[in-house]
Structures are given as C-alpha cells and as structure tokens.
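Note: the block below is upload_6.cif and it holds mmCIF, C-alpha atoms.
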```cif
data_upload
loop_
_atom_site.label_atom_id
_atom_site.label_comp_id
_atom_site.auth_asym_id
_atom_site.auth_seq_id
_atom_site.Cartn_x
_atom_site.Cartn_y
_atom_site.Cartn_z
CA MET A 186 -17.95 -38.18 98.12
CA GLY A 187 -18.97 -36.71 101.50
CA ASP A 188 -18.71 -33.00 102.25
CA SER A 189 -16.79 -30.81 99.79
CA ALA A 190 -14.76 -29.39 102.69
CA ILE A 191 -14.07 -32.83 104.18
CA PRO A 192 -12.73 -35.26 101.56
CA MET A 193 -13.46 -38.36 103.63
CA ARG A 194 -16.10 -39.36 106.18
CA ILE A 195 -15.19 -42.41 108.25
CA LEU A 196 -17.22 -44.57 110.62
CA VAL A 197 -15.16 -46.64 113.07
CA LEU A 198 -16.82 -49.61 114.75
CA GLY A 199 -14.91 -49.75 118.02
CA GLY A 200 -14.77 -50.90 121.60
CA THR A 201 -11.13 -52.02 121.53
CA THR A 202 -7.69 -50.64 122.29
CA GLU A 203 -7.06 -50.63 118.55
CA ALA A 204 -10.12 -48.48 117.92
CA SER A 205 -9.00 -46.01 120.60
CA ARG A 206 -5.54 -45.71 119.05
CA LEU A 207 -7.05 -45.21 115.62
CA SER A 208 -9.42 -42.57 117.01
CA GLU A 209 -6.49 -40.59 118.40
CA ARG A 210 -4.82 -40.54 115.00
CA LEU A 211 -7.97 -39.63 113.11
CA GLN A 212 -8.85 -36.84 115.52
CA LYS A 213 -5.67 -35.01 114.54
CA ARG A 214 -6.54 -34.98 110.85
CA GLN A 215 -8.18 -31.88 109.43
CA ASP A 216 -9.02 -33.62 106.15
CA ILE A 217 -11.15 -36.34 107.76
CA TRP A 218 -14.48 -36.38 109.57
CA ALA A 219 -14.70 -39.49 111.74
CA LEU A 220 -17.19 -40.97 114.17
CA LEU A 221 -16.59 -43.81 116.63
CA SER A 222 -19.43 -46.25 117.32
CA LEU A 223 -19.54 -48.35 120.50
CA ALA A 224 -21.95 -51.22 121.06
CA GLY A 225 -22.69 -50.06 124.62
CA ARG A 226 -22.00 -53.37 126.32
CA THR A 227 -19.40 -51.91 128.68
CA HIS A 228 -20.60 -49.68 131.52
CA GLU A 229 -18.71 -46.39 131.66
CA PRO A 230 -16.45 -46.95 128.64
CA ALA A 231 -13.11 -45.17 128.56
CA ALA A 232 -13.07 -41.62 127.17
CA GLN A 233 -12.38 -41.44 123.44
CA ALA A 234 -10.70 -38.90 121.19
CA LEU A 235 -13.47 -38.91 118.57
CA ASN A 236 -17.12 -37.99 118.76
CA THR A 237 -18.87 -41.18 119.83
CA ARG A 238 -22.25 -42.82 119.36
CA VAL A 239 -23.31 -45.65 121.67
CA GLY A 240 -25.72 -48.46 120.86
CA GLY A 241 -26.55 -50.83 118.04
CA PHE A 242 -27.71 -49.90 114.55
CA GLY A 243 -30.61 -52.33 114.28
CA GLY A 244 -28.91 -55.05 112.29
CA ILE A 245 -27.62 -54.99 108.73
CA GLU A 246 -30.39 -52.77 107.36
CA GLY A 247 -29.91 -50.24 110.16
CA LEU A 248 -26.16 -50.06 109.63
CA ALA A 249 -26.64 -49.70 105.87
CA ALA A 250 -29.13 -46.87 106.41
CA PHE A 251 -26.69 -45.12 108.75
CA LEU A 252 -23.90 -45.36 106.19
CA ARG A 253 -26.15 -43.80 103.56
CA ASP A 254 -27.64 -41.12 105.81
CA GLN A 255 -24.27 -40.01 107.11
CA ARG A 256 -22.64 -40.19 103.66
CA ILE A 257 -19.89 -42.44 104.99
CA ASP A 258 -16.98 -42.96 102.61
CA LEU A 259 -15.09 -45.63 104.55
CA LEU A 260 -16.18 -48.13 107.21
CA ILE A 261 -13.48 -49.43 109.54
CA ASP A 262 -14.28 -52.50 111.64
CA ALA A 263 -12.06 -52.24 114.72
CA THR A 264 -14.28 -54.33 116.98
CA HIS A 265 -13.18 -57.17 119.26
CA PRO A 266 -11.92 -60.29 117.46
CA PHE A 267 -14.84 -62.24 118.97
CA ALA A 268 -17.51 -59.71 117.93
CA ALA A 269 -18.46 -61.97 115.03
CA ARG A 270 -21.99 -60.64 114.52
CA ILE A 271 -21.13 -56.98 114.07
CA SER A 272 -18.22 -57.92 111.79
CA ALA A 273 -20.57 -59.99 109.64
CA ASN A 274 -23.09 -57.12 109.64
CA ALA A 275 -20.35 -54.73 108.53
CA VAL A 276 -19.52 -56.96 105.56
CA ALA A 277 -23.18 -57.20 104.54
CA ALA A 278 -23.85 -53.47 104.96
CA SER A 279 -20.74 -52.64 102.94
CA GLU A 280 -21.94 -54.88 100.12
CA MET A 281 -25.43 -53.33 100.24
CA THR A 282 -24.21 -49.74 100.09
CA GLY A 283 -20.93 -49.95 98.22
CA VAL A 284 -19.14 -48.26 101.12
CA PRO A 285 -15.60 -49.71 101.30
CA LEU A 286 -14.79 -51.74 104.42
CA VAL A 287 -11.44 -52.50 106.04
CA ARG A 288 -10.74 -54.43 109.21
CA TYR A 289 -8.24 -53.33 111.86
CA THR A 290 -7.69 -56.06 114.41
CA ARG A 291 -5.09 -57.80 116.52
CA GLU A 292 -3.17 -60.83 115.40
CA PRO A 293 -4.13 -63.87 117.49
CA TRP A 294 -1.59 -65.03 120.05
CA LYS A 295 0.59 -67.95 119.02
CA PRO A 296 2.02 -70.51 121.46
CA VAL A 297 5.72 -70.27 122.20
CA PRO A 298 8.06 -72.74 123.91
CA GLY A 299 6.88 -73.27 127.49
CA ASP A 300 3.20 -72.71 126.76
CA ASN A 301 0.82 -75.54 127.62
CA TRP A 302 -2.24 -74.76 125.55
CA LEU A 303 -5.27 -76.80 124.64
CA GLU A 304 -6.87 -74.93 121.75
CA VAL A 305 -10.64 -75.38 121.46
CA PRO A 306 -13.25 -73.96 119.06
CA ASP A 307 -15.82 -72.60 121.53
CA LEU A 308 -16.75 -72.05 125.17
CA ASP A 309 -18.82 -75.22 125.54
CA THR A 310 -15.82 -77.29 124.46
CA ALA A 311 -13.63 -75.29 126.85
CA CYS A 312 -15.98 -76.12 129.71
CA ALA A 313 -15.96 -79.82 128.90
CA ALA A 314 -12.15 -79.78 128.64
CA LEU A 315 -11.86 -78.81 132.31
CA GLY A 316 -12.70 -82.41 133.18
CA PRO A 317 -14.66 -83.90 136.08
CA GLU A 318 -12.15 -83.33 138.88
CA PRO A 319 -12.66 -80.05 140.81
CA LYS A 320 -10.09 -77.40 139.98
CA CYS A 321 -9.43 -73.74 140.65
CA VAL A 322 -10.09 -72.13 137.28
CA PHE A 323 -9.07 -68.62 136.26
CA LEU A 324 -11.91 -67.68 133.91
CA THR A 325 -11.31 -64.66 131.64
CA VAL A 326 -13.76 -65.05 128.76
CA GLY A 327 -15.89 -61.93 129.14
CA ARG A 328 -19.13 -61.70 131.08
CA LEU A 329 -21.31 -62.72 128.14
CA GLY A 330 -19.64 -66.13 127.94
CA LEU A 331 -19.78 -67.14 131.59
CA SER A 332 -23.03 -69.09 131.38
CA ALA A 333 -21.29 -71.84 129.39
CA PHE A 334 -19.48 -72.88 132.58
CA GLU A 335 -22.66 -73.51 134.54
CA ALA A 336 -22.40 -77.02 133.07
CA ALA A 337 -19.33 -77.64 135.29
CA PRO A 338 -20.35 -76.47 138.79
CA GLN A 339 -17.76 -78.66 140.53
CA HIS A 340 -14.96 -76.14 139.96
CA HIS A 341 -14.01 -73.03 141.90
CA TYR A 342 -13.89 -70.14 139.43
CA VAL A 343 -11.89 -66.95 139.72
CA VAL A 344 -13.92 -64.84 137.30
CA ARG A 345 -12.55 -61.60 135.89
CA SER A 346 -14.78 -59.12 134.10
CA ILE A 347 -14.84 -55.39 133.38
CA ASP A 348 -18.52 -55.15 134.38
CA PRO A 349 -20.60 -57.34 136.71
CA PRO A 350 -22.39 -60.21 134.96
CA HIS A 351 -26.16 -59.74 134.71
CA GLU A 352 -26.66 -63.20 136.15
CA LEU A 353 -24.07 -65.75 137.21
CA ASN A 354 -25.29 -69.18 138.30
CA LEU A 355 -21.99 -70.67 139.41
CA PRO A 356 -22.15 -72.09 142.93
CA ASP A 357 -18.49 -71.46 143.76
CA TYR A 358 -16.77 -68.39 142.36
CA ARG A 359 -14.89 -65.21 143.21
CA LEU A 360 -15.57 -62.18 141.01
CA LEU A 361 -12.82 -59.70 140.14
CA LEU A 362 -13.98 -56.50 138.46
CA GLU A 363 -10.91 -55.17 136.68
CA ARG A 364 -10.02 -53.43 133.45
CA GLY A 365 -6.71 -54.09 131.68
CA PRO A 366 -4.00 -53.75 130.71
CA PHE A 367 -2.47 -56.49 132.84
CA ASP A 368 1.25 -57.18 133.06
CA GLU A 369 2.95 -60.51 133.65
CA GLU A 370 4.10 -59.75 137.20
CA SER A 371 0.66 -58.78 138.49
CA GLN A 372 -0.94 -61.75 136.79
CA ALA A 373 1.56 -64.20 138.24
CA ARG A 374 0.95 -62.81 141.74
CA LEU A 375 -2.80 -63.07 141.25
CA MET A 376 -2.67 -66.66 140.05
CA GLN A 377 -0.44 -67.68 142.94
CA ALA A 378 -2.58 -65.88 145.53
CA GLU A 379 -5.76 -67.49 144.18
CA ARG A 380 -4.08 -70.89 143.80
CA VAL A 381 -5.13 -71.11 140.18
CA GLU A 382 -4.64 -74.53 138.59
CA ILE A 383 -5.81 -73.83 135.04
CA MET A 384 -6.83 -70.81 132.97
CA VAL A 385 -9.58 -70.49 130.37
CA THR A 386 -9.35 -67.52 128.05
CA LYS A 387 -10.18 -66.36 124.53
CA ASN A 388 -7.44 -65.85 122.00
CA ALA A 389 -8.12 -62.15 121.63
CA GLY A 390 -4.55 -61.21 120.68
CA GLY A 391 -2.91 -57.88 121.42
CA ASP A 392 -0.68 -56.68 124.25
CA ALA A 393 -3.22 -55.42 126.79
CA THR A 394 -4.04 -58.79 128.37
CA TYR A 395 -1.13 -60.94 127.20
CA GLY A 396 0.32 -60.73 130.72
CA LYS A 397 -1.99 -63.53 131.87
CA VAL A 398 -0.70 -65.80 129.10
CA ALA A 399 2.92 -65.04 129.96
CA ALA A 400 2.20 -65.56 133.68
CA ALA A 401 0.60 -68.95 133.05
CA ARG A 402 3.67 -69.97 131.06
CA ARG A 403 5.99 -68.83 133.87
CA LEU A 404 4.01 -70.79 136.46
CA GLY A 405 3.67 -73.88 134.29
CA LEU A 406 -0.14 -73.68 134.26
CA PRO A 407 -2.23 -75.23 131.51
CA VAL A 408 -4.36 -72.89 129.40
CA ILE A 409 -7.56 -73.73 127.57
CA MET A 410 -7.44 -71.28 124.67
CA VAL A 411 -10.66 -70.56 122.77
CA ALA A 412 -9.92 -69.88 119.11
CA PRO A 413 -11.29 -66.71 117.50
CA PRO A 414 -14.07 -66.93 114.91
CA GLU A 415 -13.15 -67.37 111.27
CA PRO A 416 -11.92 -63.99 110.03
CA VAL A 417 -14.16 -61.95 107.75
CA THR A 418 -13.03 -61.85 104.14
CA VAL A 419 -12.11 -58.18 103.83
CA THR A 420 -8.86 -56.23 103.64
CA THR A 421 -7.39 -56.63 107.13
CA TYR A 422 -4.61 -54.75 108.90
CA HIS A 423 -2.86 -55.53 112.16
CA GLU A 424 -0.79 -52.33 112.34
CA LEU A 425 -2.13 -48.81 112.81
CA ASP A 426 0.36 -47.33 110.35
CA ASP A 427 -1.01 -49.67 107.67
CA VAL A 428 -4.56 -48.45 108.32
CA MET A 429 -3.46 -44.83 108.05
CA ALA A 430 -1.55 -45.60 104.85
CA ASP A 431 -4.73 -47.11 103.38
CA ILE A 432 -6.69 -43.97 104.31
CA GLY A 433 -3.95 -41.78 102.84
CA ALA A 434 -4.07 -43.70 99.57
CA ARG A 435 -7.85 -43.29 99.36
CA LEU A 436 -7.56 -39.57 100.07
CA ALA A 437 -4.92 -39.19 97.36
CA HIS A 438 -7.14 -41.05 94.92
CA THR A 439 -10.13 -38.77 95.56
CA ALA A 440 -8.24 -35.46 95.80
CA PRO A 441 -8.93 -32.98 92.99
CA PRO A 442 -6.16 -32.74 90.40
CA ALA A 443 -3.54 -30.06 90.90
CA PRO A 444 -4.03 -26.92 88.74
CA ASP A 445 -2.13 -26.93 85.48
CA ALA A 446 1.08 -24.98 85.96
CA GLY A 447 0.92 -23.86 82.34
#
```

Whole structure, structure tokens version:
Amino acid sequence: MGDSAIPMRILVLGGTTEASRLSERLQKRQDIWALLSLAGRTHEPAAQALNTRVGGFGGIEGLAAFLRDQRIDLLIDATHPFAARISANAVAASEMTGVPLVRYTREPWKPVPGDNWLEVPDLDTACAALGPEPKCVFLTVGRLGLSAFEAAPQHHYVVRSIDPPHELNLPDYRLLLERGPFDEESQARLMQAERVEIMVTKNAGGDATYGKVAAARRLGLPVIMVAPPEPVTVTTYHELDDVMADIGARLAHTAPPAPDAG
C-alpha cells in the first residue's frame, strides 16, 4: 500500500470549498501524502494548501491509469455537486482499479417557510419556467449553463459568474464577475438595486452562496431551483470530521501491528 514511509496516498478531486477545507486538514498530516486535482475550468483558482495538478485525466481510462501510476490508496471525490461526469468517472475508475472511493459533498438546500421555490430537473426546464412575459432575472447557474437561456431572449438577465463566459448570446444582460462567499445582506442589496423579479440558481448546497437564497426569501422573490444530479452510489459524507474519521479508520486498519510486549 503506497510508500513504506507514507501509509496512505490520497487523490482529492476538488474545485470546491469542501475540497479546500479537506486539503488544509490533510496538509497537516505527516502520515498522509495527498494531491489535489482541479479541472482547470476556473481562471486563477484560489491558492490551495496541497500540491495541486490542473487539468483533466483523459476520461475513465486516464484517471484509472493515474491512480495506478501514483499508487493511490484512496480517491476522494470533493467536486461540485453538479460535476456529474467527473463523479461518474471516479466511480468507474475506482471499480477498474480497486482503489476505494468516498464522496465529500454538500447537502442540498431544503426549502424553509417563506421560500417560494419552483424545483426543476434541468436548465432547459428552468428557462421555460420563466414564462413569456419579460422579467428581470438573476441568473446564477455557472457560465457553462448560460446558453440554455438563449431560448428566452425577452428577459433582462443579471448574470453572475466567477469567470467571463466564452460566448454569451443573450441580447439583454448585465454581467457581474464575482467570487463568493455571498452573505444575505449584500445579496438583498444587489437584488433591490438591480430590480430583480425572479432568481434562477442551482441547488449546490453549502454556506458560501446561500445568502442569495436567504435574500430572495426576505424579499419575497420566486426562485427557480435546479435540482442536483442523482447522487453517485458511493459512501458519502457531508461533514469534514466524518471524512477524516474514515481516513483514520483506514490508516488504523493498514498500520503494522504493535510489537509484542512479551
């Protein structure tokens, strides 16, 4: 199992707040070698505690080869809840190589009293749900999903993204380039200043961007909430301490037996 001096070698598939928090914890461990992998979709990603590789693996076969070549003992999928392809690839590569896989992800948001949500399965349905009448739409679905809304050009969109979209064919929009976290107060001020009438967002869970959901509730605005993909069928944790406990249990299981006192 891995290097004799390092009982466990871990590959973290990241790009999320959860992956960054996990990286900070792993970096402090002397009994673990860990590497963080980022897909490279975000320009100038935030600095990370772990050594980091950027870019894809080349599909399932490429990820499986990397796991073998690097003698990885544990694969942790801490990607975005909507990164369905890489999560599916992680499952397949784990099955091909026998490298154990666990998932560390956020719990989806749940509506509370005062929320006015319309939950939809995908972005095309979200676009159609806006209806024919022109509205001011706060659109926070990530830059890769914006093209779905080209089918409804009658609306004015307030588009928020970390990086500029490669191409955006919306005739009437305002682009905000911002990186979270976002609190409720700032989000309420933004929605009022922009005269937002409805918000479209993905149910990505977590605390970093929940402020927009709380602000919409406070202002009585309707929200079209895109449901996350079906979860992958692997051991899944929502708390960092639970992930670290899992790693600790694996380390204890692989540790050499204590010398006989007799």

Counting only C-alpha atoms, which residues in region 304-329 of chain A sit no more than 10 Å from region 409-422 of chain A? For each one, give the nearest pair of atoms and the distance in Å, sorted by chain then residue number, as CSV.
```
residue,atom,partner,partner_atom,distance
A:Glu304,CA,A:Met410,CA,4.7
A:Val305,CA,A:Val411,CA,5.0
A:Pro306,CA,A:Ala412,CA,5.3
A:Asp307,CA,A:Val411,CA,5.7
A:Leu308,CA,A:Val411,CA,6.7
A:Asp309,CA,A:Val411,CA,9.8
A:Thr310,CA,A:Val411,CA,8.6
A:Ala311,CA,A:Ile409,CA,6.3
A:Cys312,CA,A:Ile409,CA,9.0
A:Ala314,CA,A:Ile409,CA,7.7
A:Leu315,CA,A:Ile409,CA,8.2
A:Leu324,CA,A:Ile409,CA,9.8
A:Val326,CA,A:Val411,CA,8.7
```

Output of the above residues as an mmCIF file, in the coordinates of the input, restricted to C-alpha atoms:
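Wrote part.cif, looks like this:
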```
data_model
loop_
_atom_site.group_PDB
_atom_site.id
_atom_site.type_symbol
_atom_site.label_atom_id
_atom_site.label_comp_id
_atom_site.auth_asym_id
_atom_site.auth_seq_id
_atom_site.Cartn_x
_atom_site.Cartn_y
_atom_site.Cartn_z
ATOM 1 C CA GLU A 304 -6.870 -74.930 121.750
ATOM 2 C CA VAL A 305 -10.640 -75.380 121.460
ATOM 3 C CA PRO A 306 -13.250 -73.960 119.060
ATOM 4 C CA ASP A 307 -15.820 -72.600 121.530
ATOM 5 C CA LEU A 308 -16.750 -72.050 125.170
ATOM 6 C CA ASP A 309 -18.820 -75.220 125.540
ATOM 7 C CA THR A 310 -15.820 -77.290 124.460
ATOM 8 C CA ALA A 311 -13.630 -75.290 126.850
ATOM 9 C CA CYS A 312 -15.980 -76.120 129.710
ATOM 10 C CA ALA A 314 -12.150 -79.780 128.640
ATOM 11 C CA LEU A 315 -11.860 -78.810 132.310
ATOM 12 C CA LEU A 324 -11.910 -67.680 133.910
ATOM 13 C CA VAL A 326 -13.760 -65.050 128.760
#
```

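Across the chains present, the PyMOL selection byres ((chain A and resi 394-405) around 7) applied to this file returns A:Gly299, A:Asp300, A:Gly365, A:Pro366, A:Phe367, A:Asp368, A:Glu369, A:Gln372, A:Ala373, A:Gly391, A:Asp392, A:Ala393, A:Leu406, A:Pro407.
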
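Using all atoms listed in the file, the smallest distance between any of A:Leu196, A:Ile217, A:Ile261, A:Leu223 and Val428 (chain A) comes from A:Ile261.
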
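The space separating CA of Ser332 (chain A) from CA of Tyr358 (chain A) comes to 12.7 Å.
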
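By all atoms listed in the file, and with residues fewer than 3 positions from Leu355 (chain A) along its chain excluded, the set lying at most 10 Å from it is A:Leu331, A:Ser332, A:Phe334, A:Glu335, A:Ala336, A:Ala337, A:Pro338, A:Gln339, A:His340, A:His341, A:Tyr342, A:Glu352, A:Tyr358, A:Arg359.
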
Can you translate the PyMOL selection byres ((chain A and resi 203) around 10) into the concrete residues it hits in this file, as a PyMOL selection string? chain A and resi 199-202+204-208+263-265+289-291+391+423-425

Selection result for the PyMOL selection byres ((chain A and resi 360) around 8) on this file, as number ranges by chain: A: 343-346, 358-359, 361-362

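Pairwise distance (CA of Glu292 (chain A), CA of Ala269 (chain A)) equals 15.3 Å.
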
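Rounded to one decimal, CA of Trp302 (chain A) and CA of Asp262 (chain A) lie 28.9 Å from each other.
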
Measuring between only C-alpha atoms, which one of A:Asn354, A:Ser272, A:Thr237, A:Ser279 shows the shortest distance to Leu259 (chain A)? A:Ser279

Residue contacts of Arg253 (chain A) (10 Å, only C-alpha atoms) excluding same-chain residues fewer than 6 positions away, as a PyMOL selection string: chain A and resi 247+282-284

Near Ala224 (chain A), counting all atoms listed in the file, which residues have an atom at most 6 Å away, once you skip same-chain residues fewer than 3 positions from it, shown as number ranges by chain? A: 239-241
